[in-house]
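Pasted below: target.txt, compact mmCIF, C-alpha atoms.
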```
# COMPACT_ATOMS: atom_id res chain seq x y z
CA MET A 78 0.00 0.00 0.00
CA SER A 79 2.56 2.54 1.07
CA GLY A 80 5.13 1.27 -1.36
CA ARG A 81 2.71 1.72 -4.19
CA ASP A 82 1.75 5.18 -3.03
CA HIS A 83 5.25 6.45 -2.61
CA GLY A 84 7.54 4.22 -4.60
CA GLU A 85 7.63 6.51 -7.57
CA ASP A 86 8.02 9.60 -5.46
CA GLY A 87 11.42 8.55 -4.27
CA VAL A 88 10.44 7.23 -0.87
CA SER A 89 11.22 3.59 -0.40
CA ARG A 90 8.72 1.16 0.97
CA ARG A 91 11.12 0.42 3.79
CA LYS A 92 11.27 4.08 4.79
CA VAL A 93 7.50 4.31 4.89
CA LEU A 94 7.20 1.13 6.88
CA GLU A 95 9.86 2.38 9.27
CA CYS A 96 7.95 5.52 9.87
CA MET A 97 4.86 3.50 10.64
CA THR A 98 6.57 1.63 13.44
CA TRP A 99 6.96 4.60 15.74
CA ALA A 100 4.40 6.38 17.81
CA GLY A 101 5.39 9.98 18.18
CA THR A 102 4.66 13.20 19.88
CA GLY A 103 3.75 15.80 17.33
CA VAL A 104 4.46 17.11 13.90
CA LEU A 105 5.95 20.48 13.27
CA TRP A 106 4.82 22.16 10.10
CA THR A 107 6.23 25.32 8.69
CA ILE A 108 4.92 27.57 6.01
CA THR A 109 7.28 29.61 3.93
CA GLY A 110 5.91 31.72 1.14
CA GLY A 111 2.48 30.27 1.74
CA VAL A 112 3.48 26.67 1.07
CA PRO A 113 3.43 24.26 4.00
CA HIS A 114 6.47 22.09 4.57
CA SER A 115 6.55 19.61 7.35
CA LEU A 116 9.87 20.13 9.04
CA GLY A 117 9.68 17.09 11.23
CA ILE A 118 8.80 16.35 14.75
CA ILE A 119 10.14 18.15 17.76
CA ASP A 120 13.87 17.41 18.25
CA SER A 121 14.84 16.82 14.66
CA ALA A 122 12.79 19.82 13.66
CA GLN A 123 14.84 22.20 15.72
CA ALA A 124 17.65 22.80 13.28
CA ALA A 125 15.25 23.17 10.40
CA THR A 126 13.07 25.57 12.35
CA ALA A 127 16.02 27.73 13.14
CA ALA A 128 17.13 27.77 9.52
CA ALA A 129 13.79 28.24 7.78
CA PRO A 130 11.94 31.52 8.09
CA GLY A 131 8.16 31.43 7.88
CA MET A 132 5.28 30.27 9.95
CA SER A 133 5.44 27.03 11.89
CA PHE A 134 2.65 25.21 13.57
CA LEU A 135 2.34 21.98 15.49
CA GLN A 136 -0.03 19.08 15.26
CA ILE A 137 -0.70 16.83 18.22
CA SER A 138 -3.38 14.18 18.32
CA ASP A 139 -5.07 11.43 20.25
CA SER A 140 -3.93 12.34 23.73
CA HIS A 141 -6.65 10.06 25.21
CA VAL A 142 -6.32 11.63 28.63
CA GLY A 143 -7.77 9.17 31.14
CA PHE A 144 -6.48 6.10 29.32
CA ASP A 145 -4.78 3.84 31.86
CA LYS A 146 -4.77 0.41 30.26
CA PRO A 147 -1.65 -1.78 29.82
CA ALA A 148 -0.67 -0.19 26.48
CA ASN A 149 0.16 2.97 28.47
CA PRO A 150 -0.95 3.26 32.10
CA ASN A 151 -0.15 6.98 32.10
CA ALA A 152 -1.40 8.70 28.96
CA LEU A 153 -1.43 12.03 30.80
CA GLY A 154 2.26 11.61 31.54
CA THR A 155 3.21 11.03 27.92
CA LEU A 156 1.12 14.04 26.88
CA GLU A 157 3.11 16.09 29.36
CA GLU A 158 6.35 14.74 27.90
CA ALA A 159 5.19 15.84 24.46
CA VAL A 160 4.33 19.31 25.74
CA ASN A 161 7.71 19.57 27.46
CA LYS A 162 9.36 18.85 24.14
CA ILE A 163 7.25 21.47 22.43
CA ASN A 164 8.31 23.96 25.09
CA ALA A 165 11.95 23.12 24.44
CA LEU A 166 11.75 24.15 20.78
CA PRO A 167 14.09 27.07 20.11
CA ALA A 168 11.58 28.74 17.82
CA LYS A 169 8.08 29.11 19.12
CA PRO A 170 5.44 27.77 16.71
CA ALA A 171 2.62 30.16 15.81
CA PHE A 172 -0.03 27.81 17.17
CA MET A 173 -1.00 24.19 17.54
CA ILE A 174 -3.79 22.06 16.16
CA HIS A 175 -5.15 19.08 18.08
CA THR A 176 -6.83 16.54 15.84
CA GLY A 177 -9.08 14.98 18.42
CA ASP A 178 -9.51 12.30 21.07
CA ILE A 179 -8.31 14.81 23.62
CA THR A 180 -9.90 12.59 26.28
CA HIS A 181 -10.56 8.88 26.49
CA LEU A 182 -14.09 8.93 27.96
CA SER A 183 -15.19 12.60 27.83
CA LYS A 184 -15.09 12.97 31.61
CA VAL A 185 -14.86 16.43 33.16
CA ALA A 186 -11.65 15.52 34.96
CA GLU A 187 -10.14 14.27 31.71
CA PHE A 188 -10.91 17.51 29.90
CA ASP A 189 -9.57 19.44 32.90
CA ASN A 190 -6.33 17.47 32.98
CA ALA A 191 -5.83 17.76 29.23
CA GLU A 192 -6.31 21.52 29.41
CA ARG A 193 -3.96 21.84 32.36
CA ILE A 194 -1.15 20.09 30.49
CA ILE A 195 -1.70 21.41 26.97
CA SER A 196 -2.02 24.99 28.21
CA GLN A 197 1.55 24.71 29.49
CA SER A 198 2.61 25.06 25.87
CA LYS A 199 1.27 28.63 26.01
CA LEU A 200 0.20 28.21 22.39
CA ASP A 201 -3.17 28.89 20.85
CA VAL A 202 -4.68 25.48 20.17
CA HIS A 203 -7.25 24.84 17.46
CA TYR A 204 -9.17 21.68 18.25
CA VAL A 205 -11.37 19.30 16.35
CA PRO A 206 -13.16 16.53 18.25
CA GLY A 207 -12.57 12.80 18.10
CA GLU A 208 -15.27 10.25 18.83
CA HIS A 209 -13.88 9.92 22.35
CA ASP A 210 -14.66 13.59 23.04
CA PHE A 211 -18.43 13.21 22.52
CA LEU A 212 -19.15 10.41 25.00
CA ASP A 213 -20.68 12.40 27.86
CA GLU A 214 -24.41 11.87 28.30
CA GLU A 215 -25.43 15.32 27.11
CA VAL A 216 -22.65 15.63 24.55
CA LYS A 217 -21.87 19.12 25.77
CA LEU A 218 -18.45 19.11 27.44
CA TYR A 219 -16.41 19.40 24.26
CA ARG A 220 -18.63 22.09 22.81
CA GLU A 221 -18.66 24.12 26.01
CA ARG A 222 -14.88 24.18 26.02
CA TYR A 223 -13.88 24.23 22.40
CA GLY A 224 -17.02 24.86 20.38
CA ARG A 225 -17.29 28.62 20.77
CA GLY A 226 -17.59 30.33 17.42
CA THR A 227 -17.90 27.05 15.55
CA LYS A 228 -20.72 25.75 13.37
CA GLY A 229 -22.72 22.54 13.73
CA ALA A 230 -20.88 19.90 15.73
CA GLY A 231 -17.78 22.12 15.86
CA TRP A 232 -16.45 22.91 12.39
CA TYR A 233 -14.81 26.24 11.54
CA SER A 234 -12.12 27.91 9.50
CA PHE A 235 -9.48 30.54 10.08
CA ASP A 236 -6.59 32.15 8.26
CA ALA A 237 -2.99 32.28 9.40
CA GLY A 238 0.22 33.06 7.59
CA GLY A 239 -1.56 33.31 4.25
CA VAL A 240 -2.97 29.79 4.66
CA HIS A 241 -6.65 28.93 4.99
CA PHE A 242 -7.25 26.34 7.73
CA VAL A 243 -10.47 24.37 7.95
CA GLY A 244 -11.29 22.23 10.99
CA LEU A 245 -13.84 19.52 10.17
CA VAL A 246 -15.85 17.12 12.33
CA ASN A 247 -16.27 13.57 11.02
CA VAL A 248 -17.14 11.72 14.24
CA VAL A 249 -20.86 12.42 14.69
CA ASP A 250 -23.97 10.78 13.28
CA LEU A 251 -22.04 7.71 12.22
CA LYS A 252 -24.05 5.15 10.27
CA ALA A 253 -24.12 1.40 10.93
CA GLY A 254 -21.55 -0.36 8.80
CA GLY A 255 -20.04 2.94 7.70
CA LEU A 256 -16.94 5.04 8.25
CA GLY A 257 -16.38 8.58 9.48
CA ASN A 258 -19.05 11.04 8.40
CA LEU A 259 -19.08 14.75 7.52
CA GLY A 260 -22.73 15.06 6.55
CA ALA A 261 -24.57 17.24 4.04
CA GLU A 262 -24.76 20.33 6.24
CA GLN A 263 -21.05 20.47 6.87
CA LEU A 264 -20.20 19.75 3.24
CA ALA A 265 -22.46 22.61 2.12
CA TRP A 266 -20.74 24.88 4.62
CA LEU A 267 -17.32 23.81 3.38
CA GLN A 268 -18.21 24.47 -0.23
CA ASP A 269 -19.42 27.90 0.75
CA ASP A 270 -16.41 28.58 2.96
CA LEU A 271 -14.03 27.90 0.06
CA ARG A 272 -16.03 29.89 -2.47
CA GLY A 273 -14.23 32.99 -3.61
CA LYS A 274 -10.88 31.91 -2.20
CA SER A 275 -8.03 32.39 -4.63
CA LYS A 276 -6.89 29.05 -6.03
CA SER A 277 -3.37 29.97 -5.02
CA THR A 278 -4.37 30.07 -1.35
CA PRO A 279 -2.82 27.05 0.40
CA ILE A 280 -5.53 25.02 2.10
CA VAL A 281 -5.12 22.91 5.23
CA LEU A 282 -8.02 20.61 6.11
CA PHE A 283 -7.84 18.91 9.49
CA ALA A 284 -10.17 16.39 11.07
CA HIS A 285 -9.93 13.44 13.44
CA ILE A 286 -10.61 10.40 11.25
CA PRO A 287 -8.61 10.25 8.01
CA LEU A 288 -10.53 11.94 5.21
CA TRP A 289 -9.22 9.39 2.76
CA THR A 290 -9.74 5.66 2.95
CA VAL A 291 -6.84 4.16 4.87
CA TYR A 292 -8.35 0.80 5.85
CA PRO A 293 -12.12 0.46 5.72
CA GLU A 294 -12.04 -2.95 7.42
CA TRP A 295 -11.10 -1.09 10.59
CA GLY A 296 -13.26 1.94 9.90
CA TRP A 297 -10.24 4.07 8.98
CA GLY A 298 -11.72 6.43 6.48
CA THR A 299 -14.52 8.93 5.94
CA GLU A 300 -17.64 7.91 4.06
CA ASP A 301 -18.14 11.25 2.33
CA GLY A 302 -14.53 12.46 2.56
CA GLY A 303 -14.30 12.35 -1.21
CA ARG A 304 -16.90 15.10 -1.42
CA ALA A 305 -14.75 17.40 0.69
CA LEU A 306 -11.75 16.62 -1.47
CA GLU A 307 -13.69 17.54 -4.61
CA TYR A 308 -14.19 21.03 -3.22
CA VAL A 309 -10.44 21.58 -2.82
CA LYS A 310 -9.47 20.04 -6.14
CA GLY A 311 -8.77 23.32 -7.90
CA PHE A 312 -6.43 24.65 -5.25
CA GLY A 313 -2.71 24.54 -5.87
CA SER A 314 -1.69 23.31 -2.44
CA VAL A 315 -3.86 21.21 -0.18
CA THR A 316 -2.73 19.50 3.00
CA VAL A 317 -5.01 17.11 4.89
CA LEU A 318 -4.05 16.41 8.50
CA ASN A 319 -5.71 13.69 10.56
CA GLY A 320 -5.23 11.52 13.64
CA HIS A 321 -7.27 8.54 14.87
CA ILE A 322 -5.03 5.74 13.63
CA HIS A 323 -2.12 6.48 16.02
CA GLN A 324 0.58 6.08 13.42
CA VAL A 325 2.10 8.06 10.60
CA MET A 326 0.72 7.38 7.19
CA GLN A 327 0.89 9.64 4.22
CA LYS A 328 0.34 9.86 0.54
CA VAL A 329 0.27 12.45 -2.20
CA GLU A 330 -2.42 12.64 -4.83
CA GLY A 331 -2.02 15.46 -7.30
CA ASN A 332 -1.85 18.66 -5.30
CA VAL A 333 -3.13 17.01 -2.14
CA THR A 334 -0.88 15.71 0.61
CA PHE A 335 -2.48 13.45 3.21
CA HIS A 336 -0.83 12.88 6.55
CA THR A 337 -1.85 11.22 9.81
CA ALA A 338 -0.12 12.08 13.07
CA ARG A 339 0.91 9.81 15.86
CA SER A 340 -0.82 9.63 19.21
CA THR A 341 0.72 10.88 22.42
CA ALA A 342 -1.01 8.04 24.29
CA PHE A 343 -0.54 4.61 22.74
CA PRO A 344 0.31 2.98 19.42
CA GLN A 345 -2.14 1.05 17.28
CA PRO A 346 -1.21 -1.78 14.92
CA ALA A 347 -0.55 -1.15 11.26
CA PRO A 348 -3.56 -2.03 9.12
CA GLY A 349 -4.15 -5.75 8.87
CA THR A 350 -1.28 -6.73 11.15
CA ALA A 351 -3.54 -7.58 14.11
CA PRO A 352 -7.05 -8.98 14.56
CA SER A 353 -8.37 -5.48 15.22
CA PRO A 354 -7.37 -1.89 15.82
CA GLY A 355 -7.05 -0.66 19.40
CA PRO A 356 -4.31 -0.03 21.95
CA MET A 357 -1.22 -2.04 21.14
CA LYS A 358 0.77 -3.25 24.14
CA VAL A 359 4.51 -3.27 23.63
CA GLU A 360 7.25 -3.95 26.16
CA ASP A 361 7.53 -1.15 28.69
CA ALA A 362 11.09 -0.49 27.64
CA LYS A 363 9.96 -0.23 24.06
CA LEU A 364 7.08 2.20 24.48
CA ARG A 365 9.30 5.26 24.48
CA SER A 366 11.40 3.91 21.68
CA MET A 367 8.11 3.97 19.81
CA LEU A 368 7.61 7.57 20.76
CA GLY A 369 9.65 9.00 17.99
CA VAL A 370 10.27 11.95 15.79
CA ALA A 371 9.58 12.26 12.11
CA SER A 372 10.26 14.96 9.62
CA ILE A 373 8.15 15.27 6.54
CA ASN A 374 9.23 17.63 3.80
CA PHE A 375 7.42 18.26 0.62
CA LYS A 376 7.85 20.79 -2.13
CA GLN A 377 4.89 22.05 -4.03
CA ASN A 378 6.29 21.47 -7.48
CA GLU A 379 7.99 18.15 -6.91
CA GLN A 380 5.11 16.38 -5.19
CA ARG A 381 7.75 14.43 -3.36
CA LEU A 382 7.64 13.39 0.24
CA ALA A 383 10.75 12.77 2.26
CA ILE A 384 10.26 10.97 5.52
CA ILE A 385 12.94 10.82 8.18
CA ASP A 386 12.20 9.13 11.44
CA THR A 387 14.30 9.09 14.56
CA PRO A 388 13.22 7.35 17.76
CA LEU A 389 13.49 9.36 20.96
CA GLN A 390 15.20 6.42 22.60
CA GLY A 391 17.23 3.49 21.43
CA MET B 179 -18.27 -11.71 41.22
CA LYS B 180 -15.37 -9.46 42.07
CA THR B 181 -13.32 -12.48 43.11
CA LEU B 182 -13.66 -14.06 39.70
CA ASN B 183 -11.26 -13.18 36.96
CA ARG B 184 -12.56 -12.75 33.46
CA ARG B 185 -11.98 -16.36 32.43
CA ASP B 186 -13.56 -17.83 35.56
CA PHE B 187 -16.47 -15.54 35.19
CA GLY B 188 -16.86 -16.57 31.59
CA VAL B 189 -16.82 -20.26 32.57
CA ALA B 190 -19.34 -19.83 35.35
CA PHE B 191 -21.58 -17.72 33.25
CA GLY B 192 -21.13 -19.99 30.27
CA LEU B 193 -22.17 -23.07 32.24
CA SER B 194 -25.32 -21.41 33.41
CA LEU B 195 -26.11 -20.54 29.84
CA ALA B 196 -24.90 -23.73 28.24
CA ALA B 197 -28.37 -25.06 27.55
CA ALA B 198 -29.48 -21.79 26.09
CA ILE B 199 -26.45 -21.16 23.93
CA LEU B 200 -25.04 -24.51 22.96
CA LEU B 201 -28.19 -26.38 22.00
CA PRO B 202 -29.08 -25.52 18.63
CA ALA B 203 -26.04 -23.37 18.00
CA THR B 204 -27.40 -19.83 18.19
CA THR B 205 -31.00 -20.46 19.11
CA ALA B 206 -31.92 -19.79 22.71
CA ARG B 207 -35.05 -20.04 24.80
CA ALA B 208 -36.32 -17.06 26.74
CA ASP B 209 -33.29 -17.08 29.03
CA ASP B 210 -30.49 -14.63 29.38
CA VAL B 211 -27.98 -14.58 26.58
CA GLU B 212 -24.60 -12.95 26.41
CA VAL B 213 -22.75 -11.19 23.60
CA HIS B 214 -19.07 -10.44 24.05
CA ILE B 215 -17.13 -7.68 22.38
CA ASP B 216 -13.61 -8.87 21.66
CA ASN B 217 -11.23 -7.26 19.20
CA PHE B 218 -13.90 -4.91 17.83
CA VAL B 219 -16.25 -7.79 17.03
CA PHE B 220 -19.64 -8.75 18.48
CA GLN B 221 -19.57 -12.46 19.32
CA PRO B 222 -21.78 -14.01 18.22
CA ALA B 223 -22.50 -11.44 15.53
CA GLU B 224 -25.97 -12.87 14.99
CA LEU B 225 -28.28 -14.39 17.55
CA GLN B 226 -31.74 -15.93 17.41
CA VAL B 227 -33.72 -15.55 20.63
CA LYS B 228 -37.29 -15.94 21.88
CA VAL B 229 -39.44 -12.98 22.85
CA GLY B 230 -38.71 -12.07 26.45
CA THR B 231 -34.99 -12.86 26.25
CA THR B 232 -32.56 -10.50 27.89
CA VAL B 233 -29.32 -10.03 25.99
CA THR B 234 -26.28 -8.72 27.86
CA TRP B 235 -23.32 -7.26 26.01
CA THR B 236 -19.92 -7.17 27.73
CA ASN B 237 -17.07 -5.05 26.42
CA ARG B 238 -13.84 -7.00 26.80
CA ASP B 239 -11.69 -4.59 24.75
CA ASP B 240 -9.31 -1.97 26.12
CA ILE B 241 -11.25 0.67 24.26
CA PRO B 242 -14.82 1.88 24.88
CA HIS B 243 -17.74 0.82 22.73
CA ALA B 244 -21.43 1.77 22.65
CA ILE B 245 -24.31 -0.30 21.31
CA VAL B 246 -27.06 1.33 19.27
CA SER B 247 -30.03 -0.11 17.43
CA ALA B 248 -31.61 2.84 15.67
CA GLY B 249 -34.90 3.72 17.32
CA LYS B 250 -34.80 0.59 19.50
CA PHE B 251 -32.10 0.77 22.13
CA ARG B 252 -28.92 2.63 22.96
CA SER B 253 -26.33 1.84 25.62
CA LYS B 254 -24.19 4.28 27.51
CA THR B 255 -20.52 4.20 26.65
CA LEU B 256 -19.15 0.86 27.83
CA ASP B 257 -15.62 0.99 29.14
CA THR B 258 -13.61 -2.19 29.62
CA ASP B 259 -15.72 -4.92 31.28
CA ASP B 260 -18.84 -2.74 31.39
CA LYS B 261 -22.14 -4.41 30.49
CA PHE B 262 -25.38 -3.41 28.83
CA SER B 263 -28.60 -5.45 28.91
CA PHE B 264 -31.76 -5.20 26.87
CA THR B 265 -34.88 -7.36 27.08
CA PHE B 266 -36.55 -8.07 23.75
CA THR B 267 -40.32 -7.95 24.21
CA ASN B 268 -41.26 -7.81 20.53
CA ALA B 269 -40.43 -10.13 17.66
CA GLY B 270 -38.38 -8.78 14.79
CA ASP B 271 -34.88 -8.27 13.44
CA TYR B 272 -32.77 -5.87 15.49
CA LYS B 273 -29.73 -4.66 13.64
CA TYR B 274 -27.28 -2.86 15.88
CA PHE B 275 -23.82 -1.31 15.69
CA CYS B 276 -21.16 0.45 17.76
CA SER B 277 -21.70 4.19 17.56
CA LEU B 278 -17.97 4.82 18.08
CA HIS B 279 -16.82 2.22 15.56
CA PRO B 280 -19.68 1.85 13.10
CA HIS B 281 -17.96 -0.88 11.13
CA MET B 282 -18.87 -3.11 14.09
CA THR B 283 -22.35 -4.51 13.44
CA GLY B 284 -24.54 -7.25 14.85
CA MET B 285 -28.05 -8.67 14.66
CA ILE B 286 -30.54 -10.09 17.13
CA LYS B 287 -33.41 -12.03 15.55
CA VAL B 288 -36.31 -12.23 17.98
CA GLU B 289 -39.09 -14.69 17.32
```
Could you write out this structure as structure tokens?
Amino acid sequence: MSGRDHGEDGVSRRKVLECMTWAGTGVLWTITGGVPHSLGIIDSAQAATAAAPGMSFLQISDSHVGFDKPANPNALGTLEEAVNKINALPAKPAFMIHTGDITHLSKVAEFDNAERIISQSKLDVHYVPGEHDFLDEEVKLYRERYGRGTKGAGWYSFDAGGVHFVGLVNVVDLKAGGLGNLGAEQLAWLQDDLRGKSKSTPIVLFAHIPLWTVYPEWGWGTEDGGRALEYVKGFGSVTVLNGHIHQVMQKVEGNVTFHTARSTAFPQPAPGTAPSPGPMKVEDAKLRSMLGVASINFKQNEQRLAIIDTPLQG
Amino acid sequence: MKTLNRRDFGVAFGLSLAAAILLPATTARADDVEVHIDNFVFQPAELQVKVGTTVTWTNRDDIPHAIVSAGKFRSKTLDTDDKFSFTFTNAGDYKYFCSLHPHMTGMIKVE
């Protein structure tokens, strides 16, 4: 799958598979001249950040605060480690996006703890919800905290550094047997939101579940994601950032780059390598060797991804 | 029940249900029946039960699930080892799914 996607773009199958074996902390993106380049994650991004002028932003995902099962008994602790690394960056990113599953069970204390740790980054954070953030009985905790100024279940857009960012929600009103779901109302809003934007405006779409079909057998895709992608077809630079699958996966299709970020909580198996998705228990000593760093660089005209992964430990 | 580990509990519970579950494979009388969630799968995925049967779902994954049959029943979020029971008082086919992971589907046929 990955080999076929990337083989002709100069990234070996082995490289892609390597990158999929680490769970990481966050992705640092930078935008120079309006074109996003992923500079890598945390440590390995430092040199690049210092050298490259432009706007940088971070993506973290799937912090699952409250998770305490064997795959990682202290998900709050590893979130804090990720935030500490963000704070150690020599150049402060402009802001951060969180692509959902902030909490594990949508409990008040989980939202409180997540906020307490993430706010230590002193960065503006733009959230989209994961399915784990809508589990409270009245489905109100996420919206009370992060839904201000958003539409519907929490979608919105904003502009920064000459880039148009759109946060989408694909975790509500899911249909039996189906995948992630955007729904007609949100799609109509998206079409309208993009209307009148110059085609040279770089677009970043971010949502929890991958907007493209990663592995439908495990529900890793979005039923009507293709509709959203039709609306951005004419734009010169489109970047789609997701979480949910707790591993790095990426592909390029035309002007669109798809990328999923790692979790800060626990790894999940690569598609088809286990009976099911879900928290993957590894040896204790290995967990942090699976918390790694990755740098992803792409150039608009070359459509070429370069992936460099370095484990934090070992 | 607290003193039983998962396997012991399963054995004890299974014995009490043996007649209901094991004789004709998935057909049960109006007794209690259990569905397990393991590895993102409802087991058994399809059940035939008599009117009046109570079905209890148990989540044995390390990730929460929730059981929804549109317009019929809806569980709260089930964390690891949480249970949800529903008593079927009307005949019919009840399709259900996990509202967090909609690729997980199941069926209870009530006659």
What residues in chain A have any atom no more than 8 Å from chain B when counting only C-alpha atoms, and can you write them as a compact mmCIF listing (two decimals) with C-alpha atoms, keeping the file's coordinate frame?
```
# COMPACT_ATOMS: atom_id res chain seq x y z
CA LYS A 146 -4.77 0.41 30.26
CA LEU A 182 -14.09 8.93 27.96
CA GLU A 208 -15.27 10.25 18.83
CA HIS A 209 -13.88 9.92 22.35
CA LEU A 212 -19.15 10.41 25.00
CA GLU A 214 -24.41 11.87 28.30
CA VAL A 248 -17.14 11.72 14.24
CA LEU A 251 -22.04 7.71 12.22
CA LYS A 252 -24.05 5.15 10.27
CA ALA A 253 -24.12 1.40 10.93
CA GLY A 254 -21.55 -0.36 8.80
CA GLY A 255 -20.04 2.94 7.70
CA LEU A 256 -16.94 5.04 8.25
CA GLU A 294 -12.04 -2.95 7.42
CA TRP A 295 -11.10 -1.09 10.59
CA GLY A 296 -13.26 1.94 9.90
CA PRO A 352 -7.05 -8.98 14.56
CA SER A 353 -8.37 -5.48 15.22
CA PRO A 354 -7.37 -1.89 15.82
CA GLY A 355 -7.05 -0.66 19.40
CA PRO A 356 -4.31 -0.03 21.95
```
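Proximity to Pro287 in chain A was assessed for A:Ser140, A:Thr176, A:Ser340, A:Ser196 counting all atoms listed in the file; the smallest distance is recorded for A:Thr176.
For Glu289 in chain B, the non-local neighbours within 8 Å, defined as residues at least 4 positions apart in the same chain or in other chains and counting all atoms listed in the file, are Gln226, Val227, Lys228, Val229, Asn268, Ala269 and Gly270 of chain B.
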Could you turn the residues from that selection into a file that holds C-alpha atoms, as a PDB file, keeping the file's coordinate frame?
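Okay, this is what ended up in part-v9.pdb:
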```pdb
ATOM      1  CA  GLN B 226     -31.740 -15.930  17.410  1.00  0.00           C
ATOM      2  CA  VAL B 227     -33.720 -15.550  20.630  1.00  0.00           C
ATOM      3  CA  LYS B 228     -37.290 -15.940  21.880  1.00  0.00           C
ATOM      4  CA  VAL B 229     -39.440 -12.980  22.850  1.00  0.00           C
ATOM      5  CA  ASN B 268     -41.260  -7.810  20.530  1.00  0.00           C
ATOM      6  CA  ALA B 269     -40.430 -10.130  17.660  1.00  0.00           C
ATOM      7  CA  GLY B 270     -38.380  -8.780  14.790  1.00  0.00           C
TER       8      GLY B 270
END
```
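Within 6 Å of range 325-334 of chain A, once only C-alpha atoms are used and residues closer than 5 positions along the same chain are dropped, the contacting residues are Met97, Gly313, Ser314, Val315, Thr316 and Arg339 of chain A.
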Can you write just those residues out, C-alpha atoms, as a PDB file, keeping the file's coordinate frame?
```
ATOM      1  CA  MET A  97       4.860   3.500  10.640  1.00  0.00           C
ATOM      2  CA  GLY A 313      -2.710  24.540  -5.870  1.00  0.00           C
ATOM      3  CA  SER A 314      -1.690  23.310  -2.440  1.00  0.00           C
ATOM      4  CA  VAL A 315      -3.860  21.210  -0.180  1.00  0.00           C
ATOM      5  CA  THR A 316      -2.730  19.500   3.000  1.00  0.00           C
ATOM      6  CA  ARG A 339       0.910   9.810  15.860  1.00  0.00           C
TER       7      ARG A 339
END
```
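One finds CA of Ala230 in chain A at 24.3 Å from CA of Thr341 in chain A.
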Kindly give the distance, in Å, that separates CA of His181 in chain A and CA of Arg252 in chain B, rounded to a single decimal.
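Distance between the two atoms: 19.7 Å.
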Please measure the separation of CA of Gly177 in chain A and CA of Ala284 in chain A, giving the value in Å to one decimal.
7.6 Å
Contacts of Trp235 in chain B within 9 Å, only C-alpha atoms, excl. fewer than 4 positions in-chain, as a PyMOL selection string
chain B and resi 211-215+220+245+260-264
Taking (-16.7, 24.8, 23.4) in the file's coordinates, which residues come within 12 Å, counting only C-alpha atoms, written as a list in words?
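Every residue inside that radius is included here: Phe188, His203, Tyr204, Val205, Pro206, Asp210, Phe211, Val216, Lys217, Leu218, Tyr219, Arg220, Glu221, Arg222, Tyr223, Gly224, Arg225, Gly226, Thr227, Lys228, Gly229, Ala230, Gly231 and Trp232 of chain A.
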Nearest to Asp178 in chain A by atom-to-atom distance, counting all atoms listed in the file, from A:Val291, A:Val359, A:Ile322, A:Val317:
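Closest residue, counting all atoms listed in the file: A:Ile322.
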Please provide as JSON, numbers by chain all residues within 10 Å of range 149-154 of chain A, with the sequence filter that same-chain residues fewer than 2 positions apart are discarded (counting all atoms listed in the file).
{"A": [139, 140, 141, 142, 143, 144, 145, 146, 147, 156, 157, 158, 159, 160, 180, 181, 187, 190, 191, 194, 340, 341, 342, 343, 344, 356, 357, 358, 359, 361, 364]}
Since we have the selection now, will you write its residues out, keeping C-alpha atoms, as a PDB file, in the frame of the given file?
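Saved as out.pdb:
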```
ATOM      1  CA  ASP A 139      -5.070  11.430  20.250  1.00  0.00           C
ATOM      2  CA  SER A 140      -3.930  12.340  23.730  1.00  0.00           C
ATOM      3  CA  HIS A 141      -6.650  10.060  25.210  1.00  0.00           C
ATOM      4  CA  VAL A 142      -6.320  11.630  28.630  1.00  0.00           C
ATOM      5  CA  GLY A 143      -7.770   9.170  31.140  1.00  0.00           C
ATOM      6  CA  PHE A 144      -6.480   6.100  29.320  1.00  0.00           C
ATOM      7  CA  ASP A 145      -4.780   3.840  31.860  1.00  0.00           C
ATOM      8  CA  LYS A 146      -4.770   0.410  30.260  1.00  0.00           C
ATOM      9  CA  PRO A 147      -1.650  -1.780  29.820  1.00  0.00           C
ATOM     10  CA  LEU A 156       1.120  14.040  26.880  1.00  0.00           C
ATOM     11  CA  GLU A 157       3.110  16.090  29.360  1.00  0.00           C
ATOM     12  CA  GLU A 158       6.350  14.740  27.900  1.00  0.00           C
ATOM     13  CA  ALA A 159       5.190  15.840  24.460  1.00  0.00           C
ATOM     14  CA  VAL A 160       4.330  19.310  25.740  1.00  0.00           C
ATOM     15  CA  THR A 180      -9.900  12.590  26.280  1.00  0.00           C
ATOM     16  CA  HIS A 181     -10.560   8.880  26.490  1.00  0.00           C
ATOM     17  CA  GLU A 187     -10.140  14.270  31.710  1.00  0.00           C
ATOM     18  CA  ASN A 190      -6.330  17.470  32.980  1.00  0.00           C
ATOM     19  CA  ALA A 191      -5.830  17.760  29.230  1.00  0.00           C
ATOM     20  CA  ILE A 194      -1.150  20.090  30.490  1.00  0.00           C
ATOM     21  CA  SER A 340      -0.820   9.630  19.210  1.00  0.00           C
ATOM     22  CA  THR A 341       0.720  10.880  22.420  1.00  0.00           C
ATOM     23  CA  ALA A 342      -1.010   8.040  24.290  1.00  0.00           C
ATOM     24  CA  PHE A 343      -0.540   4.610  22.740  1.00  0.00           C
ATOM     25  CA  PRO A 344       0.310   2.980  19.420  1.00  0.00           C
ATOM     26  CA  PRO A 356      -4.310  -0.030  21.950  1.00  0.00           C
ATOM     27  CA  MET A 357      -1.220  -2.040  21.140  1.00  0.00           C
ATOM     28  CA  LYS A 358       0.770  -3.250  24.140  1.00  0.00           C
ATOM     29  CA  VAL A 359       4.510  -3.270  23.630  1.00  0.00           C
ATOM     30  CA  ASP A 361       7.530  -1.150  28.690  1.00  0.00           C
ATOM     31  CA  LEU A 364       7.080   2.200  24.480  1.00  0.00           C
TER      32      LEU A 364
END
```
Output file: range 238-242 of chain B, C-alpha atoms, as a compact mmCIF listing (two decimals), in the first residue's frame:
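Wrote it out as part.txt, contents follow:
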```
# COMPACT_ATOMS: atom_id res chain seq x y z
CA ARG B 238 -13.84 -7.00 26.80
CA ASP B 239 -11.69 -4.59 24.75
CA ASP B 240 -9.31 -1.97 26.12
CA ILE B 241 -11.25 0.67 24.26
CA PRO B 242 -14.82 1.88 24.88
```
